[in-house]
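Colleague: Contents of my_file-v6.pdb (PDB, C-alpha atoms) are below:
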MODEL        1
ATOM      1  CA  MET S   1      64.247 -74.630  52.170
ATOM      2  CA  THR S   2      63.767 -78.384  51.696
ATOM      3  CA  ASN S   3      64.455 -80.930  54.400
ATOM      4  CA  LYS S   4      67.462 -83.157  53.600
ATOM      5  CA  PHE S   5      67.296 -84.985  56.934
ATOM      6  CA  ASN S   6      65.859 -88.454  57.408
ATOM      7  CA  PHE S   7      64.635 -88.783  60.970
ATOM      8  CA  ASP S   8      64.177 -92.541  60.698
ATOM      9  CA  GLN S   9      67.977 -92.896  60.587
ATOM     10  CA  PRO S  10      70.478 -91.813  63.264
ATOM     11  CA  GLY S  11      71.608 -88.237  62.743
ATOM     12  CA  ASN S  12      75.065 -86.952  61.908
ATOM     13  CA  LYS S  13      77.001 -86.119  65.064
ATOM     14  CA  ASP S  14      80.232 -85.291  63.276
ATOM     15  CA  VAL S  15      79.416 -81.616  62.834
ATOM     16  CA  PHE S  16      80.261 -81.141  66.495
ATOM     17  CA  LYS S  17      83.929 -81.376  67.430
ATOM     18  CA  VAL S  18      85.897 -81.440  70.661
ATOM     19  CA  PRO S  19      89.450 -80.201  71.306
ATOM     20  CA  GLU S  20      92.156 -82.804  70.673
ATOM     21  CA  GLN S  21      92.697 -85.290  73.490
ATOM     22  CA  TYR S  22      89.720 -83.776  75.273
ATOM     23  CA  PHE S  23      88.353 -87.017  76.758
ATOM     24  CA  GLU S  24      91.808 -88.272  77.788
ATOM     25  CA  ASN S  25      92.588 -84.987  79.520
ATOM     26  CA  LEU S  26      89.138 -84.837  81.065
ATOM     27  CA  GLN S  27      89.706 -88.073  82.923
ATOM     28  CA  SER S  28      92.938 -86.893  84.551
ATOM     29  CA  GLU S  29      91.386 -83.489  85.265
ATOM     30  CA  ILE S  30      88.473 -85.111  87.093
ATOM     31  CA  GLN S  31      90.843 -87.442  88.959
ATOM     32  CA  ASN S  32      92.864 -84.420  90.127
ATOM     33  CA  ARG S  33      89.739 -82.624  91.278
ATOM     34  CA  ILE S  34      88.555 -85.723  93.118
ATOM     35  CA  ALA S  35      91.948 -86.194  94.799
ATOM     36  CA  GLY S  36      91.797 -82.566  95.942
ATOM     37  CA  ASP S  37      88.264 -83.055  97.171
ATOM     38  CA  ALA S  38      88.895 -86.383  98.902
ATOM     39  CA  ALA S  39      91.527 -85.115 101.330
ATOM     40  CA  PRO S  40      89.473 -82.342 102.905
ATOM     41  CA  LEU S  41      86.534 -84.766 103.153
ATOM     42  CA  GLN S  42      88.624 -87.188 105.212
ATOM     43  CA  GLY S  43      89.968 -84.256 107.231
ATOM     44  CA  ARG S  44      86.436 -83.058 107.937
ATOM     45  CA  ARG S  45      85.465 -86.555 109.069
ATOM     46  CA  LEU S  46      88.452 -86.823 111.445
ATOM     47  CA  PHE S  47      87.617 -83.426 112.901
ATOM     48  CA  MET S  48      83.967 -84.408 113.328
ATOM     49  CA  ASN S  49      84.977 -87.686 115.019
ATOM     50  CA  ARG S  50      87.012 -85.706 117.545
ATOM     51  CA  VAL S  51      84.377 -83.063 118.101
ATOM     52  CA  LYS S  52      81.378 -85.430 118.319
ATOM     53  CA  PRO S  53      81.827 -86.517 122.023
ATOM     54  CA  VAL S  54      82.228 -82.874 123.074
ATOM     55  CA  LEU S  55      79.087 -81.938 121.142
ATOM     56  CA  TYR S  56      77.126 -84.767 122.797
ATOM     57  CA  MET S  57      78.357 -83.648 126.246
ATOM     58  CA  ALA S  58      77.373 -80.058 125.480
ATOM     59  CA  ALA S  59      73.921 -81.189 124.334
ATOM     60  CA  VAL S  60      73.403 -83.213 127.568
ATOM     61  CA  PHE S  61      74.570 -80.234 129.646
ATOM     62  CA  VAL S  62      72.152 -77.878 127.861
ATOM     63  CA  VAL S  63      69.256 -80.326 128.390
ATOM     64  CA  LEU S  64      70.153 -80.657 132.102
ATOM     65  CA  LEU S  65      70.403 -76.885 132.463
ATOM     66  CA  PHE S  66      66.968 -76.373 130.929
ATOM     67  CA  SER S  67      65.471 -79.172 133.061
ATOM     68  CA  ILE S  68      66.854 -77.648 136.291
ATOM     69  CA  ARG S  69      65.617 -74.213 135.249
ATOM     70  CA  ALA S  70      62.183 -75.609 134.469
ATOM     71  CA  VAL S  71      61.971 -77.325 137.902
ATOM     72  CA  LEU S  72      63.163 -74.156 139.663
ATOM     73  CA  ASN S  73      60.636 -72.086 137.738
ATOM     74  CA  LEU S  74      57.853 -74.439 138.844
ATOM     75  CA  THR S  75      58.782 -74.224 142.552
ATOM     76  CA  ASN S  76      59.231 -70.434 142.302
ATOM     77  CA  THR S  77      55.781 -70.172 140.787
ATOM     78  CA  ASP S  78      54.302 -72.040 143.814
ATOM     79  CA  LYS S  79      56.086 -69.702 146.189
ATOM     80  CA  LYS S  80      54.996 -66.666 144.233
ATOM     81  CA  GLN S  81      51.417 -67.864 144.290
ATOM     82  CA  SER S  82      51.502 -68.395 148.075
ATOM     83  CA  VAL S  83      53.048 -64.935 148.562
ATOM     84  CA  ILE S  84      50.305 -63.446 146.452
ATOM     85  CA  SER S  85      47.642 -65.271 148.412
ATOM     86  CA  LYS S  86      49.294 -64.097 151.662
ATOM     87  CA  ILE S  87      49.318 -60.529 150.416
ATOM     88  CA  ASP S  88      45.730 -60.974 149.370
ATOM     89  CA  GLY S  89      44.898 -62.226 152.922
ATOM     90  CA  VAL S  90      46.521 -59.191 154.563
ATOM     91  CA  GLU S  91      44.756 -56.830 152.246
ATOM     92  CA  MET S  92      41.471 -58.572 152.985
ATOM     93  CA  GLU S  93      42.073 -58.187 156.763
ATOM     94  CA  GLU S  94      42.949 -54.527 156.323
ATOM     95  CA  PHE S  95      39.874 -54.115 154.228
ATOM     96  CA  GLN S  96      37.797 -55.787 156.924
ATOM     97  CA  VAL S  97      39.383 -53.570 159.614
ATOM     98  CA  ASN S  98      38.705 -50.490 157.592
ATOM     99  CA  THR S  99      35.047 -51.267 157.080
ATOM    100  CA  MET S 100      33.244 -49.495 159.970
ATOM    101  CA  THR S 101      29.622 -48.528 160.477
ATOM    102  CA  ALA S 102      28.568 -44.888 160.358
ATOM    103  CA  GLU S 103      27.901 -44.976 164.112
ATOM    104  CA  GLU S 104      31.429 -46.268 164.803
ATOM    105  CA  ILE S 105      32.919 -43.564 162.623
ATOM    106  CA  LEU S 106      30.868 -40.927 164.394
ATOM    107  CA  LEU S 107      31.807 -42.216 167.812
ATOM    108  CA  SER S 108      35.466 -42.541 166.931
ATOM    109  CA  SER S 109      35.532 -38.885 165.908
ATOM    110  CA  LEU S 110      34.205 -37.740 169.300
ATOM    111  CA  ASP S 111      36.505 -37.232 172.243
ATOM    112  CA  GLU S 112      35.786 -38.357 175.848
ATOM    113  CA  TYR S 113      34.512 -34.964 176.977
ATOM    114  CA  SER S 114      32.045 -34.700 174.132
ATOM    115  CA  LEU S 115      30.754 -38.169 174.856
ATOM    116  CA  MET S 116      30.180 -37.387 178.543
ATOM    117  CA  TYR S 117      28.479 -34.129 177.566
ATOM    118  CA  TYR S 118      26.292 -36.086 175.144
ATOM    119  CA  TYR S 119      25.163 -38.626 177.769
ATOM    120  CA  ILE S 120      24.673 -36.089 180.636
ATOM    121  CA  ASN S 121      22.837 -33.469 178.655
ATOM    122  CA  GLN S 122      20.880 -35.895 176.468
ATOM    123  CA  ASP S 123      17.538 -34.336 177.427
ATOM    124  CA  GLU S 124      18.703 -30.829 176.525
ATOM    125  CA  LEU S 125      20.020 -31.916 173.188
ATOM    126  CA  GLU S 126      16.736 -33.622 172.249
TER     127      GLU S 126
ATOM    128  CA  MET E   1      78.846-100.120  79.485
ATOM    129  CA  ASP E   2      77.923-103.799  79.856
ATOM    130  CA  GLN E   3      76.334-105.272  82.978
ATOM    131  CA  GLN E   4      79.455-107.114  84.118
ATOM    132  CA  LYS E   5      81.698-104.046  83.918
ATOM    133  CA  GLU E   6      79.109-101.971  85.731
ATOM    134  CA  SER E   7      78.923-104.559  88.553
ATOM    135  CA  GLU E   8      82.719-104.602  88.842
ATOM    136  CA  ILE E   9      82.923-100.821  89.079
ATOM    137  CA  LEU E  10      80.091-100.751  91.610
ATOM    138  CA  ALA E  11      81.818-103.360  93.790
ATOM    139  CA  LEU E  12      85.032-101.292  93.765
ATOM    140  CA  ILE E  13      83.121 -98.080  94.522
ATOM    141  CA  ARG E  14      81.598 -99.677  97.625
ATOM    142  CA  LYS E  15      85.076-100.200  99.115
ATOM    143  CA  PRO E  16      86.535 -96.907 100.397
ATOM    144  CA  LEU E  17      90.100 -97.842  99.446
ATOM    145  CA  SER E  18      89.298 -98.557  95.799
ATOM    146  CA  ARG E  19      86.563 -95.911  95.431
ATOM    147  CA  GLN E  20      88.698 -93.239  93.797
ATOM    148  CA  LYS E  21      90.187 -95.641  91.256
ATOM    149  CA  ALA E  22      86.733 -97.074  90.468
ATOM    150  CA  PHE E  23      85.366 -93.588  89.938
ATOM    151  CA  GLY E  24      88.153 -93.002  87.408
ATOM    152  CA  LEU E  25      86.955 -96.091  85.537
ATOM    153  CA  LEU E  26      83.403 -94.793  85.674
ATOM    154  CA  VAL E  27      84.546 -91.476  84.176
ATOM    155  CA  SER E  28      86.350 -93.202  81.326
ATOM    156  CA  GLU E  29      83.306 -95.399  80.614
ATOM    157  CA  THR E  30      80.677 -92.668  80.720
ATOM    158  CA  SER E  31      82.347 -89.383  79.788
ATOM    159  CA  GLU E  32      81.736 -89.554  76.030
ATOM    160  CA  SER E  33      78.070 -90.485  76.167
ATOM    161  CA  LEU E  34      77.366 -87.934  78.910
ATOM    162  CA  TYR E  35      79.345 -85.238  77.105
ATOM    163  CA  TRP E  36      77.425 -85.630  73.856
ATOM    164  CA  GLN E  37      74.124 -85.650  75.666
ATOM    165  CA  ILE E  38      74.999 -82.376  77.393
ATOM    166  CA  ARG E  39      76.647 -80.858  74.326
ATOM    167  CA  LYS E  40      73.539 -81.417  72.179
ATOM    168  CA  MET E  41      71.501 -79.528  74.758
ATOM    169  CA  VAL E  42      73.814 -76.543  75.319
ATOM    170  CA  LEU E  43      75.656 -76.633  71.935
ATOM    171  CA  SER E  44      78.804 -74.888  73.199
ATOM    172  CA  HIS E  45      81.819 -77.060  74.046
ATOM    173  CA  ASP E  46      82.904 -74.846  76.959
ATOM    174  CA  ASP E  47      79.468 -74.971  78.584
ATOM    175  CA  ALA E  48      79.233 -78.728  78.011
ATOM    176  CA  ASN E  49      82.661 -79.206  79.598
ATOM    177  CA  ASP E  50      81.667 -77.167  82.676
ATOM    178  CA  ILE E  51      78.410 -79.070  83.094
ATOM    179  CA  LEU E  52      80.130 -82.425  82.647
ATOM    180  CA  GLN E  53      82.742 -81.610  85.277
ATOM    181  CA  ASN E  54      80.023 -80.429  87.671
ATOM    182  CA  THR E  55      78.172 -83.675  86.995
ATOM    183  CA  TYR E  56      81.173 -85.764  88.003
ATOM    184  CA  MET E  57      81.901 -83.673  91.080
ATOM    185  CA  LYS E  58      78.292 -83.977  92.190
ATOM    186  CA  ALA E  59      78.333 -87.719  91.565
ATOM    187  CA  TRP E  60      81.602 -88.056  93.510
ATOM    188  CA  SER E  61      80.309 -86.143  96.525
ATOM    189  CA  ASN E  62      77.140 -88.295  96.590
ATOM    190  CA  ILE E  63      78.655 -91.631  95.602
ATOM    191  CA  GLU E  64      78.296 -93.024  99.145
ATOM    192  CA  GLN E  65      74.541 -92.421  98.957
ATOM    193  CA  PHE E  66      74.203 -94.400  95.720
ATOM    194  CA  ARG E  67      72.218 -97.464  96.834
ATOM    195  CA  GLY E  68      72.182 -99.321  93.529
ATOM    196  CA  ASP E  69      68.418 -99.074  92.973
ATOM    197  CA  SER E  70      69.165 -98.159  89.368
ATOM    198  CA  LYS E  71      72.196 -98.671  87.114
ATOM    199  CA  ILE E  72      75.075 -96.372  87.979
ATOM    200  CA  THR E  73      75.120 -95.126  84.364
ATOM    201  CA  THR E  74      71.409 -94.251  84.643
ATOM    202  CA  TRP E  75      72.171 -92.384  87.864
ATOM    203  CA  MET E  76      74.991 -90.496  86.104
ATOM    204  CA  PHE E  77      72.712 -89.598  83.196
ATOM    205  CA  ARG E  78      70.116 -88.217  85.607
ATOM    206  CA  ILE E  79      72.676 -86.037  87.351
ATOM    207  CA  ALA E  80      73.934 -84.782  83.971
ATOM    208  CA  ILE E  81      70.387 -83.972  82.826
ATOM    209  CA  ASN E  82      69.616 -82.124  86.062
ATOM    210  CA  GLU E  83      72.817 -80.139  85.774
ATOM    211  CA  THR E  84      71.971 -79.285  82.153
ATOM    212  CA  TYR E  85      68.456 -78.116  83.062
ATOM    213  CA  THR E  86      69.880 -76.024  85.907
ATOM    214  CA  PHE E  87      72.350 -74.415  83.495
ATOM    215  CA  LEU E  88      69.669 -73.683  80.870
ATOM    216  CA  ASN E  89      67.312 -72.193  83.465
ATOM    217  CA  LYS E  90      70.073 -69.965  84.813
ATOM    218  CA  GLU E  91      70.898 -68.800  81.290
ATOM    219  CA  ARG E  92      67.222 -68.026  80.630
ATOM    220  CA  ILE E  93      67.030 -65.963  83.826
ATOM    221  CA  LYS E  94      70.221 -64.134  82.799
ATOM    222  CA  ASN E  95      68.686 -63.322  79.386
ATOM    223  CA  GLN E  96      65.292 -62.269  80.742
ATOM    224  CA  SER E  97      66.147 -58.582  80.472
ATOM    225  CA  SER E  98      67.541 -59.050  76.955
ATOM    226  CA  PHE E  99      65.359 -58.616  73.860
ATOM    227  CA  THR E 100      66.956 -61.691  72.268
ATOM    228  CA  ASP E 101      65.887 -65.222  73.232
ATOM    229  CA  MET E 102      68.493 -67.517  74.739
ATOM    230  CA  GLU E 103      67.906 -69.967  71.865
ATOM    231  CA  ASP E 104      68.724 -67.260  69.276
ATOM    232  CA  ILE E 105      71.895 -66.404  71.169
ATOM    233  CA  MET E 106      72.854 -70.096  71.193
ATOM    234  CA  VAL E 107      72.412 -70.297  67.400
ATOM    235  CA  GLN E 108      74.423 -67.100  66.891
ATOM    236  CA  ASN E 109      77.216 -68.507  69.086
ATOM    237  CA  LEU E 110      77.130 -71.778  67.139
ATOM    238  CA  LYS E 111      77.802 -69.904  63.875
ATOM    239  CA  GLY E 112      81.152 -68.720  65.178
ATOM    240  CA  ASP E 113      81.978 -71.842  67.187
ATOM    241  CA  PRO E 114      85.324 -73.377  66.114
ATOM    242  CA  TYR E 115      84.040 -76.758  67.296
ATOM    243  CA  PHE E 116      81.024 -76.718  64.964
ATOM    244  CA  SER E 117      81.515 -77.505  61.286
ATOM    245  CA  GLY E 118      77.923 -77.768  60.093
ATOM    246  CA  ASP E 119      76.562 -76.074  56.957
ATOM    247  CA  GLU E 120      73.471 -73.841  56.721
ATOM    248  CA  ALA E 121      71.128 -76.829  56.781
ATOM    249  CA  GLU E 122      72.783 -78.266  59.898
ATOM    250  CA  LEU E 123      72.570 -74.870  61.521
ATOM    251  CA  LYS E 124      68.882 -74.638  60.665
ATOM    252  CA  LEU E 125      68.350 -78.133  62.075
ATOM    253  CA  GLN E 126      69.899 -77.004  65.358
ATOM    254  CA  GLN E 127      67.656 -73.936  65.281
ATOM    255  CA  ALA E 128      64.630 -76.187  64.761
ATOM    256  CA  ILE E 129      65.675 -78.484  67.611
ATOM    257  CA  LEU E 130      66.133 -75.460  69.863
ATOM    258  CA  SER E 131      62.507 -74.482  69.237
ATOM    259  CA  LEU E 132      61.371 -77.641  71.080
ATOM    260  CA  PRO E 133      60.636 -77.710  74.816
ATOM    261  CA  ASP E 134      63.642 -78.890  76.870
ATOM    262  CA  LYS E 135      62.375 -82.403  77.596
ATOM    263  CA  GLN E 136      61.224 -83.024  74.025
ATOM    264  CA  ARG E 137      64.587 -81.767  72.805
ATOM    265  CA  LEU E 138      66.306 -84.194  75.144
ATOM    266  CA  VAL E 139      64.212 -87.116  73.879
ATOM    267  CA  PHE E 140      64.862 -86.107  70.275
ATOM    268  CA  ASN E 141      68.629 -85.856  70.838
ATOM    269  CA  MET E 142      68.793 -89.188  72.652
ATOM    270  CA  LYS E 143      66.934 -90.941  69.862
ATOM    271  CA  TYR E 144      68.130 -89.147  66.741
ATOM    272  CA  PHE E 145      71.776 -88.363  67.506
ATOM    273  CA  GLU E 146      72.659 -90.972  70.141
ATOM    274  CA  ASP E 147      70.437 -93.709  68.644
ATOM    275  CA  MET E 148      69.450 -94.847  72.150
ATOM    276  CA  LYS E 149      66.806 -97.514  72.676
ATOM    277  CA  TYR E 150      63.445 -96.308  73.948
ATOM    278  CA  ASP E 151      63.751 -98.698  76.922
ATOM    279  CA  ASP E 152      67.021 -97.070  78.001
ATOM    280  CA  ILE E 153      65.609 -93.550  77.543
ATOM    281  CA  SER E 154      62.567 -94.629  79.554
ATOM    282  CA  GLU E 155      64.750 -95.841  82.422
ATOM    283  CA  ILE E 156      66.714 -92.586  82.533
ATOM    284  CA  LEU E 157      63.803 -90.167  82.178
ATOM    285  CA  GLY E 158      61.201 -92.219  84.040
ATOM    286  CA  THR E 159      58.760 -91.798  81.126
ATOM    287  CA  SER E 160      56.857 -94.651  79.478
ATOM    288  CA  VAL E 161      58.083 -95.956  76.119
ATOM    289  CA  GLY E 162      54.741 -95.037  74.520
ATOM    290  CA  ALA E 163      55.000 -91.449  75.711
ATOM    291  CA  LEU E 164      58.589 -91.259  74.454
ATOM    292  CA  LYS E 165      57.600 -92.527  71.000
ATOM    293  CA  ALA E 166      54.805 -89.967  70.840
ATOM    294  CA  SER E 167      57.174 -87.228  72.000
ATOM    295  CA  TYR E 168      59.727 -88.135  69.310
ATOM    296  CA  HIS E 169      57.017 -88.296  66.649
ATOM    297  CA  TYR E 170      55.739 -84.806  67.510
ATOM    298  CA  ALA E 171      59.293 -83.468  67.711
ATOM    299  CA  VAL E 172      60.006 -84.744  64.190
ATOM    300  CA  LYS E 173      56.778 -83.137  62.901
ATOM    301  CA  LYS E 174      57.709 -79.791  64.438
ATOM    302  CA  ILE E 175      61.262 -79.946  63.096
ATOM    303  CA  GLU E 176      60.108 -80.875  59.590
ATOM    304  CA  ALA E 177      57.634 -77.989  59.622
ATOM    305  CA  PHE E 178      60.399 -75.648  60.778
ATOM    306  CA  MET E 179      62.847 -76.904  58.157
ATOM    307  CA  THR E 180      60.458 -76.517  55.220
ATOM    308  CA  ALA E 181      59.102 -73.141  56.306
ATOM    309  CA  ASP E 182      60.561 -70.058  54.577
ATOM    310  CA  PHE E 183      61.723 -67.253  56.840
TER     311      PHE E 183
ENDMDL
END
What does the file become when written as structure tokens?

Modeller:
Amino acid sequence: MTNKFNFDQPGNKDVFKVPEQYFENLQSEIQNRIAGDAAPLQGRRLFMNRVKPVLYMAAVFVVLLFSIRAVLNLTNTDKKQSVISKIDGVEMEEFQVNTMTAEEILLSSLDEYSLMYYYINQDELE
Amino acid sequence: MDQQKESEILALIRKPLSRQKAFGLLVSETSESLYWQIRKMVLSHDDANDILQNTYMKAWSNIEQFRGDSKITTWMFRIAINETYTFLNKERIKNQSSFTDMEDIMVQNLKGDPYFSGDEAELKLQQAILSLPDKQRLVFNMKYFEDMKYDDISEILGTSVGALKASYHYAVKKIEAFMTADF
């Protein structure tokens, strides 16, 4: 096939058609769509204007709530730490109480009679 | 749209009370050029119509963010191009499982399209254009069919004029090769 087109000249647009009155109708169609779109937009804005102060209040309240919680958490942590250290102290004391020498354990297991017998008859036992 | 008209529309858009009316003016000023840009990329009128409407709805919902760094028409073109690319990518994903390429399907649909009156050669030209990468196709359409200036294309696409000229040149070479090849 040979090329009948000259690309140095503007091309023929007329092969494409549009329905009759298309551009006239398009304008009113777009205007109708815009009018339908404009009302809800204004409505949304009015609603947002009313809701905005409440949203700000809620945001401040949430921030305050978190701040108070954070402060309380900090003080609780101090208390918890002191409780732990107290518990640790008691355990240490108990541990110290429980650590006895072998002699003390031996003596604590003997009753009074046995002890007297031990001291009186020391020569016999040796 | 000339500079003065664009400034007038922009001034009205900035005022909330006149915004809707100004947007109507913007639609009437830009709809044809945007439509043809989209239509040349997707070929089907129904798809072009959907993309164009999405473009305007997106522009409307973001109009307050438009700061005026570029022309409002340039901004509209960019939205339209993005919407077109999104559509084409979605279509490609949809056709991934199919054995037929999306471009072949588009040509087949064009044959039976009541809003296309081209002959075999015009159909083959569309087939050749469809063989180009998306951005090159866009540049080709803007230059060849819309006869846009390279400076304007450069502003919309953010590509240098030199690169655009090279892109158009290579596009023409590819299309000519496609047109003269026998299948």

Colleague: Any idea which chain S residues end up within 8 Å of chain E if we count all atoms listed in the file, as a PDB file with C-alpha atoms, in the coordinates of the input please?

Modeller:
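Listing of result28.pdb after writing:
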ATOM      1  CA  MET S   1      64.247 -74.630  52.170  1.00  0.00           C
ATOM      2  CA  THR S   2      63.767 -78.384  51.696  1.00  0.00           C
ATOM      3  CA  ASN S   3      64.455 -80.930  54.400  1.00  0.00           C
ATOM      4  CA  LYS S   4      67.462 -83.157  53.600  1.00  0.00           C
ATOM      5  CA  PHE S   7      64.635 -88.783  60.970  1.00  0.00           C
ATOM      6  CA  ASP S   8      64.177 -92.541  60.698  1.00  0.00           C
ATOM      7  CA  GLN S   9      67.977 -92.896  60.587  1.00  0.00           C
ATOM      8  CA  PRO S  10      70.478 -91.813  63.264  1.00  0.00           C
ATOM      9  CA  GLY S  11      71.608 -88.237  62.743  1.00  0.00           C
ATOM     10  CA  ASN S  12      75.065 -86.952  61.908  1.00  0.00           C
ATOM     11  CA  LYS S  13      77.001 -86.119  65.064  1.00  0.00           C
ATOM     12  CA  VAL S  15      79.416 -81.616  62.834  1.00  0.00           C
ATOM     13  CA  PHE S  16      80.261 -81.141  66.495  1.00  0.00           C
ATOM     14  CA  LYS S  17      83.929 -81.376  67.430  1.00  0.00           C
ATOM     15  CA  VAL S  18      85.897 -81.440  70.661  1.00  0.00           C
ATOM     16  CA  PRO S  19      89.450 -80.201  71.306  1.00  0.00           C
ATOM     17  CA  PHE S  23      88.353 -87.017  76.758  1.00  0.00           C
ATOM     18  CA  GLN S  27      89.706 -88.073  82.923  1.00  0.00           C
ATOM     19  CA  ILE S  30      88.473 -85.111  87.093  1.00  0.00           C
ATOM     20  CA  GLN S  31      90.843 -87.442  88.959  1.00  0.00           C
ATOM     21  CA  ARG S  33      89.739 -82.624  91.278  1.00  0.00           C
ATOM     22  CA  ILE S  34      88.555 -85.723  93.118  1.00  0.00           C
ATOM     23  CA  ALA S  35      91.948 -86.194  94.799  1.00  0.00           C
TER      24      ALA S  35
END

Colleague: Using CA of Ala58 (chain S) and CA of Ala70 (chain S) as the two end points, give the distance in Å to one decimal.

Modeller: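 Straight-line distance from CA of Ala58 (chain S) to CA of Ala70 (chain S) works out to 18.2 Å.
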
Colleague: Would you compute the distance between CA of Leu34 (chain E) and CA of Ala80 (chain E)? Give it in Å to one decimal.

Modeller: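 Rounded to one decimal, the two atoms are 6.9 Å apart.
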
Colleague: How far is it from CA of Ser28 (chain S) to CA of Ser18 (chain E), in Å with one decimal?

Modeller: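 One can read the CA of Ser28 (chain S) to CA of Ser18 (chain E) distance as 16.6 Å.
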
Colleague: How would you write, as a ChimeraX atom specification, the residues chosen by the PyMOL selection byres ((chain E and resi 155) around 12) on this structure?

Modeller: /E:69-75,77-78,148-154,156-161,164

Colleague: Take every atom of region 1-18 of chain S listed in the file, fit an axis-aligned box around them, add 5 Å per side, and give the centre and edge lengths in Å to one decimal as AutoDock Vina command-line options.

Modeller:
--center_x 74.8 --center_y -83.8 --center_z 61.2 --size_x 32.1 --size_y 28.3 --size_z 29.0
